[in-house]
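Novice: Sharing a structure, written as structure tokens. Questions coming.
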Amino acid sequence: MYLSARNIGFAHNSTFRMDGLNLEVEQGEMLGIIGPNGSGKTTLLKLLAGILRPAAGTVVLRDQDIHTLTRRQLARMRAYVSEGIELPFDFAVEEIVALGRYPHAGMFVRLDDHDTAVLNDALELTDTHRLVHRKFFTLSMGEKQRVMLAMAIAQGPEILLLDEPISHLDIGHQLTFIRTLRHLHSKGTTIISAMHELPLAMEFFGRLCLMDNGRIVQCAPSGDRELLETVKSVFGVPDDRFIK
Amino acid sequence: MRLFVMKRDRNGVPHGWLLWTGLVLCLAAAFILNIALGPVSIPLPDILHAFLSSAKTVDSTIVLSIRLPVALAGIIVGAGLGVSGAMFQAILRNPLADPYILGISAGAALGAAVAQAFLLTSVPVSLAAFFGAIGAMTLVYLLSLSSGGSSPLYLILAGVAISALLGSIMSFVMLMSSSLQIRIYSIMLWIMGGIKETGWHELIFIGIVFMVLMALAIVTAPYLDILSFGDEKASSLGVHVERTRLLSMVIASLLAGVAVYLSGIVGFVGLVVPHITRLIVGPSHRRLIIVSSLGGAIFVLIADLIARTVLRPVVVPVGVITSLIGAPFFLYLLLRTYRGYKF
């Protein structure tokens, strides 16, 4: 298996715990993680990204515990886009995206032609090349999310983990953003994203995992009928008008 | 298609060379004026004469053993505070942070008070203040660690608490030595900040320490860019957040400590200078730190000049002048720049 969480245990404090969680992710798949607020989607993503360290169990990437990799090695293999970002200073888009090359170039190495090519690709893919000289504070929410995605793509990751990347966008920008993810997916990037937009998740993601209370309730291909029923009961929304 | 032409150094900075030449010329002018003016004015040819000729005149003695060390110390104080402020603002992810926010000023003041009240001449005030500052800073860091990692929030909270605690202890110390009113006055004067006359040997030693710290600050500056994005993003980019933050905090604290050693507590430089600099050259930290060092040095040299000349022969503490100029200017900039921004 490509990326797997094995018997993960984790607790934030007394209010949230995860016990014996297992998840298998295949290379190149586009996996959506759905579930109510506080069900543990973000925690799971951070554990998979190696940002949080599990209290028990391991996260294994290509037969290797990710916590045995150095931070730089890990940063070259996976990128993580958090839900919204607040910057204290008004960096230019160009400066932000370029920092995505840090895991490869380091601080004391000048960016070479390869780095520049990767950066240009990231900008074009996310349609942010027209924004390079803009300041971050002047960007709209949709533009900010695209810039953070560009920064993540600049890391050149095999795995892209995203935490509710489209929650603050309008439907038009949501679709554009997901198409970009689809495009990355078609080029072989493994995508794991927490999603609140169930119809979009069901339409565009290959597989969905439903979480509740720190557990994975069910994983199924996104068209699965049975999953739909579980979703309704977990979210406590029996009405067909709200859940497709 | 090449959209990304890596010119990070030029990004968003209008007329790069103009800025650098302007800054260097301003610094040179402030430096020379600082040496030339004072209780006795020394014309430019005589200053040059003092440097170039070995003949000892009254003017050359004033220049070489009083004015020049003070002006050099002024550069170290200004640059140190400017850079330290820029670094703390990034470390704490807060543009309103300054070098004193984590207890350095309170620790320095307590150190100075204790030295003045009890130790008298056995320990120099400036040295006691330096150790007070570094001690307070260390205490704040350890405290923030014990409450769950040195996150910016815990650091600021611990800093506020320790500052308040040390401040009250200092008041206690001053009350206990109340039989000696003059000492209280001299403590207050020290705290308000002024560039002390320093001997050459001491100044050269401090200058070397300062330059090493500056070099470290400039080399490690890009890490501050990454830390600005928050612990989570920084760590997902492959940075060891805890270690990097500690390193930057040690450099920034020592720079502030050196400034405290030379001049007491000169307020507002570490807040205003990086802020103004960021408005001009943007937030990228390598450039920000270099320009802040020049800006801070210019600011302190001019403020010191005003402090020595405005109420001649009375010397106003330079910290009073820096705040007096800095605060209104800072307010003006804030109102102008952030009009329409929502926080």
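Each chain in the structure tokens gets a letter, A, B and so on, in the order shown; residues start at 1 in every chain, and ligands are counted from 1 in the order they appear.
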Write out as a list in words every residue belonging to chain A that has an atom at most 7 Å from any atom of chain B, counting only C-alpha atoms.
Specialist: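 The answer, sorted by residue number, is Ile51, Arg71, Arg72, Ala75, Ala79, Tyr80, Leu87, Pro88, Phe89, Asp90, Phe91, Glu95, Tyr102, Pro103, Met107, Thr116, Leu119, Asn120 and His129 of chain A.
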Novice: Name all residues at most 7 Å from Ser84 in chain B (count only C-alpha atoms; drop same-chain ones fewer than 2 positions away) and give them as a ChimeraX atom specification.
Specialist: /B:80-82,86-88,99,252-253,255-256,270
Novice: Write out as a ChimeraX atom specification which residues come within 10 Å of range 9-19 of chain A when counting only C-alpha atoms, dropping same-chain ones fewer than 2 positions away.
Specialist: /A:6-7,21-22,38-40,43-44,47,52-58,213-216
Novice: What are the DSSP alpha helix (DSSP H) residues of range 2-221 of chain A, as an NGL selection string?
Specialist: :A and (41-49 or 71-77 or 93-99 or 102-105 or 113-125 or 141-154 or 171-186 or 198-204)
Novice: Write out as a list in words each polymer residue whose atoms come within 10 Å of Gln155 in chain A, counting only C-alpha atoms; drop sequence neighbours fewer than 2 positions from it.
Specialist: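 Once the adjacent positions are removed, what remains is Ala75, Arg76, Met77, Arg78, Ala79, Tyr80, Val97, Ala98, Leu99, Gly100, Arg101, Tyr102, Pro103, His104, Asp115, Val118, Leu119, Ala122, Ala150, Met151, Ala152, Ile153, Pro157, Glu158 and Leu160 of chain A; Leu237 of chain B.
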Novice: Excluding Ile187 in chain B and its own-chain neighbours fewer than 4 positions away, which residues fall within 8 Å of it when counting only C-alpha atoms? Please give them as a ChimeraX atom specification.
Specialist: /B:112-113,116,183,191
Novice: Write out as a ChimeraX atom specification which residues come within 12 Å of Ala79 in chain B when counting only C-alpha atoms, dropping same-chain ones fewer than 5 positions away.
Specialist: /B:27,72-74,84-86,207,210-211,213-214,217,252,255-256,258-259,269-270,273-274,288-301
Novice: Pick from B:Ile184, B:Leu216, B:Ile32, B:Ala117: nearest to Val250 in chain B, with only C-alpha atoms counted?
Specialist: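 Residue with the minimum atom-to-atom distance to Val250 in chain B: B:Leu216.
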Novice: Might you pull out every residue within 7 Å of Ser263 in chain B, with only C-alpha atoms counted and same-chain residues fewer than 2 positions away left off, and present them as a list of chain:residue names?
Specialist: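 Non-adjacent residues within range: B:Gly193, B:Gly194, B:Ile195, B:Lys196, B:Ala259, B:Val260, B:Tyr261, B:Ile265, B:Val266.
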Novice: Write out the residues from the selection above, keeping N, CA, C and O atoms, as an mmCIF file, in the first residue's frame.
Specialist:
```cif
data_model
loop_
_atom_site.group_PDB
_atom_site.id
_atom_site.type_symbol
_atom_site.label_atom_id
_atom_site.label_comp_id
_atom_site.auth_asym_id
_atom_site.auth_seq_id
_atom_site.Cartn_x
_atom_site.Cartn_y
_atom_site.Cartn_z
ATOM 1 N N GLY B 193 16.932 56.094 29.073
ATOM 2 C CA GLY B 193 17.758 55.827 27.916
ATOM 3 C C GLY B 193 18.601 56.999 27.451
ATOM 4 O O GLY B 193 18.112 58.108 27.283
ATOM 5 N N GLY B 194 19.859 56.743 27.286
ATOM 6 C CA GLY B 194 20.763 57.750 26.752
ATOM 7 C C GLY B 194 22.041 57.020 26.396
ATOM 8 O O GLY B 194 22.373 56.021 27.037
ATOM 9 N N ILE B 195 22.721 57.490 25.367
ATOM 10 C CA ILE B 195 23.915 56.762 24.954
ATOM 11 C C ILE B 195 25.065 57.134 25.874
ATOM 12 O O ILE B 195 25.445 58.292 25.977
ATOM 13 N N LYS B 196 25.582 56.125 26.569
ATOM 14 C CA LYS B 196 26.638 56.374 27.551
ATOM 15 C C LYS B 196 27.975 56.553 26.837
ATOM 16 O O LYS B 196 28.197 55.991 25.763
ATOM 17 N N ALA B 259 22.103 46.746 22.840
ATOM 18 C CA ALA B 259 21.584 48.115 22.798
ATOM 19 C C ALA B 259 21.300 48.611 24.213
ATOM 20 O O ALA B 259 21.638 49.748 24.567
ATOM 21 N N VAL B 260 20.693 47.743 25.032
ATOM 22 C CA VAL B 260 20.404 48.114 26.421
ATOM 23 C C VAL B 260 21.700 48.418 27.169
ATOM 24 O O VAL B 260 21.800 49.383 27.915
ATOM 25 N N TYR B 261 22.704 47.594 26.941
ATOM 26 C CA TYR B 261 23.997 47.774 27.595
ATOM 27 C C TYR B 261 24.565 49.161 27.298
ATOM 28 O O TYR B 261 25.080 49.842 28.165
ATOM 29 N N ILE B 265 17.137 52.032 28.083
ATOM 30 C CA ILE B 265 15.962 51.623 27.321
ATOM 31 C C ILE B 265 15.512 52.746 26.407
ATOM 32 O O ILE B 265 14.828 53.680 26.818
ATOM 33 N N VAL B 266 15.928 52.638 25.140
ATOM 34 C CA VAL B 266 15.539 53.627 24.141
ATOM 35 C C VAL B 266 14.285 53.113 23.452
ATOM 36 O O VAL B 266 14.328 52.112 22.750
#
```
Novice: Could you please determine the separation between CA of Glu242 in chain B and CA of Gly50 in chain A in Å, to one decimal place?
Specialist: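 CA of Glu242 in chain B sits 15.7 Å away from CA of Gly50 in chain A.
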